[in-house]
Amino acid sequence: MNDLVLFLQLAVQLGTPLLFATLGGILNDKVGNLNLGIEGMMMVGACAGFGVAYHTSSPLLSIVTAGVASLLLSLLYALVTVTFKGNQTVTGFAITILGTGIANFSGESLSGLTLSPSFIRIMGIQIIPVLINIPILGTVLFSQSYLFHLSLWLAFGLYFYLKKTNYGLIMRMVGENPAAADTSGINTTSYKYIHIALGGLLCGLGGAFLSLVFVPRWQDNIVAGMGWIAVALVIFSTWNPIKAIFGSYLFGLLRALSIKYQNISFRIGNNDISITSQIIDMLPYLLTIVILVLTTLSKKRENQAPAWLGKSYFREDR
Amino acid sequence: MLRVVRRASMSLGKRAFLRIASILFALLLTGFILSILKYNSLQVYGEMVFGAVGSSYRIQETINKMIPLLIMGLGLSVCYRAQFMNIGAEGQFCMGVIGATYLIRLSGTSLGAMTIPVMMLFAVVFGGLWCLLPAFLKRFYGVSETLVTLMMNYIALKLVSYLQYSAWKDPKAYGFPKIANYPDEALLPKVFGIHIGWIIAISFVIIIYILLFRSKLGYEISVMGDNFETARYAGMKTTKILFSAALIGGGLCGLAGMIQASGIEKTMNDQISSGMGYTAIIVAYMSRLNPLALMVGSFLFAVLLQGGEYIQSSMRISSDIAEILQGMILLSILSSEFFTEYRVSTRKKADICSSHKTCSY
């Protein structure tokens with residue numbers, strides 16, 4: 001029982017960086033920009049956050065730096081895709097390559113360093129009184145780091161922003177039909193810039209969670225493909241922040257399974273079946289394809305990808 | 001006031017100039033960053049070029065890196081010209097390796113001299129089919145191929161490590177997770193010190209050039225890529241064209257995998273693709289999907305990769321510099337594309353008004 005609770009707690013921890021990055025991805029996609037640069041942005045966030053954390057030991061400053069660093073990288077993405085109307089897929093790859101390169105290059109001097117104990121105590125697991133006594137869920141949800149709580153509130157906040165506010169409505173319109181938005185006097189360029197930048201900020205926080213809370217050290221390639229899982233999760237959650245919460249923890253659970261158990265063997269009838277960690281690692285991507293096909297088939301409007309996703313908009317072409 | 005206007009067209013010479021200028025811009029910018037970090041940027045670039053083409057051995061290494069990029073770039077160009085946005089080269093490459101290794105496991109050395117051609121066939125079929133599935137989903141269910149091919153990369157990669165760590169693990173390797181080396185019959189012969197992948201690559205440059213610019217299928221691909229409805233009204237069999245493009249693209253990526261496995265690694269392992277499938281996308285894109293330009297583009301990126309590895313040992317600078325350079329060059333080229341399509345004019349407000357008599361402001 002205790003093992004199960006600790007296992008679920010690990011799954012939620014592994015899901016948290018995914019949740020941050022997925023929310024960032026949703027913001028990008030919803031405004032019509034397919035962002036494949038998430039991995040690179042997370043890398044830059046992780047590196048910048050760790051660097052500042054090591055030198056200042058200030059939690060707030062290091063988190064803010066992580067966010068700002070990857071926000072700057074996302075502004076570069078916005079400059080190329082929005083202003084220069086570059087191909088979004090290729091630009092995303094370029095951002096990932098550049099971000100990974102910058103982070104690994106500047107992180108070289110950081111490897112092997114440890115953060116101060118007081119810093120780790122503040123960033124690490126915090127037990128919330130009273131609520132911790134709820135069976136199972138108490139430990140899973142209420143003995144987690146501050147950043148975990150931030151990610152949850154951000155998910156709810158983003159849902160509210162997208163569905164209930166005027167700005168959210170307009171930014172979705174920009175992603176669905178920029179020409180219509182432009183005609184009704186909306187500045188599509190600034191909407192794109194702002195939301196891409198905010199998306200980048202969230203990706204940076206995801207990276208910071210890895211280097212400041214989860215590991216907490218600097219390692220080469222610390223993000224290790226989590227950014228690509230986040231790209232999958234954005235689709236898996238059908239661009240819905242609430243579903244992204246569940247999706248992140250589900251994918252976190254799968255990752256926890258593959259870390260904890262290298263090999264799961266069981267018997268069905270006379271057949272020995274063994275599932276190795278590689279097979280489990282495949283599942284997030286397989287599930288994403290299944291969900292993608294199902295949502296495309298279902299034709300339910302709110303589950304579809306934004307209509308203008310991946311295309312650039314030029315006013316005189318409309 | 002700045003206005004952006006669509007340009008009619010740009011001459012080839014101007015385009016080439018713009019491309020070279022944007023690469024130089026990226027080199028300058030990265031050099032500037034390097035010098036802030038107290039490196040001698042000229043020396044870094046010099047060492048990179050020296051490491052890539054400085055001796056016959058290094059040139060061989062660079063060409064080894066160029067071959068898979070070129071072959072995959074050719075395949076991707078066919079896909080992109082048909083507006084089939086396949087970013088799954090990495091996965092199709094892996095499936096090619098799996099196909100080739102599967103044949104070795106099936107037949108061992110019994111095929112003799114026919115081993116290599118049959119291996120190639122298996123690799124092409126495996127890679128092609130892996131690419132056909134997203135084409136099928138796109139054509140009949142309207143599922144975005146960009147996202148499906150991206151996901152399928154990771155599935156293929158994990159499949160390779162699954163086979164390496166459990167199903168196909170060499171029992172004679174003392175528990176070490178590796179797949180048995182290929183027998184000698186399955187290794188590509190060498191010509192001028194480099195495995196014959198380079199001859200295959202050059203042949204495919206010519207074949208794909210003819211296919212794209214001199215054949216009926218190539219014409220149909222370009223019409224369909226330009227405007228799907230036009231192709232349909234003209235009575236072209238769009239499904240057949242799409243599937244052909246996907247099969248050619250995936251097949252060539254699979255072939256590149258087989259060549260890498262048989263010519264370089266001599267076995268299958270989960271490091272074999274090492275992101276080359278993504279680099280190939282970039283190479284195809286920056287060569288404007290042109291087979292001849294691809295030869296230049298893939299060589300340039302091979303120099304970057306090889307040079308990056310070299311400076312790591314010679315100057316003790318992390319090879320991440322090469323990655324940063326790749327990213328910078330790419331972003332610079334992507335931005336420069338804007339100026340081939342659009343023109344920024346600096347007409348003043350008054351000028352616009354003077355041409356409209358009823359202008360109120």
# chains A, B, ... in the order shown; residues from 1 in each chain; ligands from 1
>>> residues_around(residues="Val52 in chain A", least_positions_apart="5", cutoff="10 Å", atoms="only C-alpha atoms", output="list in words")
Cys47, Ser57, Ser58, Pro59, Leu61, Ser62, Ile63, Val64, Thr65 and Ala66 of chain A
>>> closest_atom_pairs(of="chain B", to="chain A", cutoff="6 Å", atoms="only C-alpha atoms", output="tab-separated table")
residue	atom	partner	partner_atom	distance
B:Met151	CA	A:Tyr285	CA	5.3
B:Ile155	CA	A:Met282	CA	5.3
B:Lys158	CA	A:Gln278	CA	5.5
B:Tyr162	CA	A:Gln278	CA	5.3
B:Asp320	CA	A:Gly101	CA	4.8
B:Glu323	CA	A:Gly101	CA	5.1
B:Ile324	CA	A:Leu98	CA	4.8
B:Gly327	CA	A:Leu98	CA	4.5
B:Leu334	CA	A:Gly86	CA	5.3
B:Ser335	CA	A:Phe84	CA	5.3
B:Phe338	CA	A:Phe84	CA	5.2
>>> residues_around(residues="range 29-42 of chain B", least_positions_apart="6", cutoff="9 Å", atoms="only C-alpha atoms", output="ChimeraX atom specification")
/B:321,324-325,328
>>> write_last_selection(atoms="C-alpha atoms", output="PDB file, in the first residue's frame")
ATOM      1  CA  ILE B 321      29.030  24.716 -30.606  1.00  0.00           C
ATOM      2  CA  ILE B 324      24.380  26.171 -31.811  1.00  0.00           C
ATOM      3  CA  LEU B 325      25.776  26.954 -35.264  1.00  0.00           C
ATOM      4  CA  MET B 328      21.666  29.784 -35.944  1.00  0.00           C
TER       5      MET B 328
END
>>> residues_around(residues="Leu300 in chain B", least_positions_apart="4", cutoff="9 Å", atoms="only C-alpha atoms", output="MDAnalysis selection string")
chainID B and resid 66 283 295:296 304:305
>>> write_last_selection(atoms="N, CA and C atoms", output="mmCIF file, in the first residue's frame")
data_model
loop_
_atom_site.group_PDB
_atom_site.id
_atom_site.type_symbol
_atom_site.label_atom_id
_atom_site.label_comp_id
_atom_site.auth_asym_id
_atom_site.auth_seq_id
_atom_site.Cartn_x
_atom_site.Cartn_y
_atom_site.Cartn_z
ATOM 1 N N MET B 66 27.744 12.560 -44.603
ATOM 2 C CA MET B 66 26.926 13.221 -45.622
ATOM 3 C C MET B 66 25.957 12.232 -46.274
ATOM 4 N N VAL B 283 18.173 19.839 -43.844
ATOM 5 C CA VAL B 283 18.963 19.871 -45.077
ATOM 6 C C VAL B 283 18.029 19.964 -46.285
ATOM 7 N N MET B 295 23.068 18.167 -52.555
ATOM 8 C CA MET B 295 24.444 17.693 -52.430
ATOM 9 C C MET B 295 25.274 18.725 -51.676
ATOM 10 N N VAL B 296 25.062 20.008 -51.989
ATOM 11 C CA VAL B 296 25.784 21.071 -51.294
ATOM 12 C C VAL B 296 25.325 21.155 -49.832
ATOM 13 N N LEU B 304 29.746 20.588 -40.651
ATOM 14 C CA LEU B 304 29.428 21.093 -39.318
ATOM 15 C C LEU B 304 29.521 19.985 -38.273
ATOM 16 N N LEU B 305 28.930 18.816 -38.596
ATOM 17 C CA LEU B 305 28.917 17.716 -37.635
ATOM 18 C C LEU B 305 30.328 17.209 -37.372
#
>>> closest_residue(among="B:Thr340, B:Thr101, B:Asn290, B:Ser244", to="Cys131 in chain B", atoms="only C-alpha atoms")
B:Ser244
>>> closest_residue(among="A:Arg255, A:His55, A:Arg301, A:Arg267", to="Leu115 in chain A", atoms="only C-alpha atoms")
A:His55
>>> select_by_dssp(residues="range 27-225 of chain A", states="strand (DSSP E or B)", output="PyMOL selection string")
chain A and resi 126-127+143-144
>>> atom_distance(atom1="CA of Leu106 in chain B", atom2="CA of Gly91 in chain B")
22.2 Å
>>> atom_distance(atom1="CA of Lys237 in chain B", atom2="CA of Gly254 in chain B")
25.6 Å
>>> atom_distance(atom1="CA of Ala256 in chain A", atom2="CA of Pro17 in chain A")
13.4 Å
>>> residues_around(residues="Phe214 in chain A", least_positions_apart="5", cutoff="9 Å", atoms="only C-alpha atoms", output="number ranges by chain")
A: 13-14, 124, 209
>>> select_by_dssp(residues="range 109-219 of chain B", states="alpha helix (DSSP H)", output="MDAnalysis selection string")
chainID B and resid 115:141 145:162 197:214 216:219
>>> residues_around(residues="Gln60 in chain B", least_positions_apart="4", cutoff="10 Å", atoms="only C-alpha atoms", output="list in words")
Ala52, Val53, Ser55, Ser56, Asn64, Lys65, Met66, Phe192, Gly193, Ile194 and His195 of chain B
>>> write_last_selection(atoms="N, CA and C atoms", output="PDB file, in the first residue's frame")
ATOM      1  N   ALA B  52      37.121  18.875 -40.732  1.00  0.00           N
ATOM      2  CA  ALA B  52      36.188  18.214 -41.648  1.00  0.00           C
ATOM      3  C   ALA B  52      36.838  17.849 -42.981  1.00  0.00           C
ATOM      4  N   VAL B  53      37.738  18.695 -43.471  1.00  0.00           N
ATOM      5  CA  VAL B  53      38.313  18.423 -44.800  1.00  0.00           C
ATOM      6  C   VAL B  53      39.835  18.480 -44.808  1.00  0.00           C
ATOM      7  N   SER B  55      42.260  16.361 -44.021  1.00  0.00           N
ATOM      8  CA  SER B  55      43.076  15.239 -44.490  1.00  0.00           C
ATOM      9  C   SER B  55      42.153  14.249 -45.180  1.00  0.00           C
ATOM     10  N   SER B  56      42.756  13.290 -45.903  1.00  0.00           N
ATOM     11  CA  SER B  56      41.888  12.390 -46.667  1.00  0.00           C
ATOM     12  C   SER B  56      41.025  11.557 -45.716  1.00  0.00           C
ATOM     13  N   ASN B  64      31.103  10.117 -45.019  1.00  0.00           N
ATOM     14  CA  ASN B  64      30.294   9.132 -44.301  1.00  0.00           C
ATOM     15  C   ASN B  64      29.089   9.776 -43.632  1.00  0.00           C
ATOM     16  N   LYS B  65      29.296  10.972 -43.089  1.00  0.00           N
ATOM     17  CA  LYS B  65      28.197  11.660 -42.406  1.00  0.00           C
ATOM     18  C   LYS B  65      27.220  12.246 -43.417  1.00  0.00           C
ATOM     19  N   MET B  66      27.744  12.560 -44.603  1.00  0.00           N
ATOM     20  CA  MET B  66      26.926  13.221 -45.622  1.00  0.00           C
ATOM     21  C   MET B  66      25.957  12.232 -46.274  1.00  0.00           C
ATOM     22  N   PHE B 192      37.354   3.551 -53.152  1.00  0.00           N
ATOM     23  CA  PHE B 192      38.140   4.725 -52.748  1.00  0.00           C
ATOM     24  C   PHE B 192      38.076   4.942 -51.240  1.00  0.00           C
ATOM     25  N   GLY B 193      38.089   3.867 -50.477  1.00  0.00           N
ATOM     26  CA  GLY B 193      38.140   3.995 -49.025  1.00  0.00           C
ATOM     27  C   GLY B 193      36.832   4.330 -48.339  1.00  0.00           C
ATOM     28  N   ILE B 194      35.785   4.571 -49.117  1.00  0.00           N
ATOM     29  CA  ILE B 194      34.492   4.886 -48.509  1.00  0.00           C
ATOM     30  C   ILE B 194      33.499   3.820 -48.975  1.00  0.00           C
ATOM     31  N   HIS B 195      32.617   3.391 -48.062  1.00  0.00           N
ATOM     32  CA  HIS B 195      31.673   2.356 -48.468  1.00  0.00           C
ATOM     33  C   HIS B 195      30.799   2.851 -49.632  1.00  0.00           C
TER      34      HIS B 195
END
>>> residues_around(residues="Ile241 in chain B", least_positions_apart="3", cutoff="8 Å", atoms="only C-alpha atoms", output="ChimeraX atom specification")
/B:217,220-221,237-238,244-245
>>> closest_residue(among="B:Phe243, B:Tyr141, B:Phe204, B:Phe301", to="Gly128 in chain B", atoms="only C-alpha atoms")
B:Phe243
>>> closest_residue(among="B:Phe176, B:Phe122, B:Phe84, B:Tyr342", to="Val148 in chain B", atoms="only C-alpha atoms")
B:Phe84
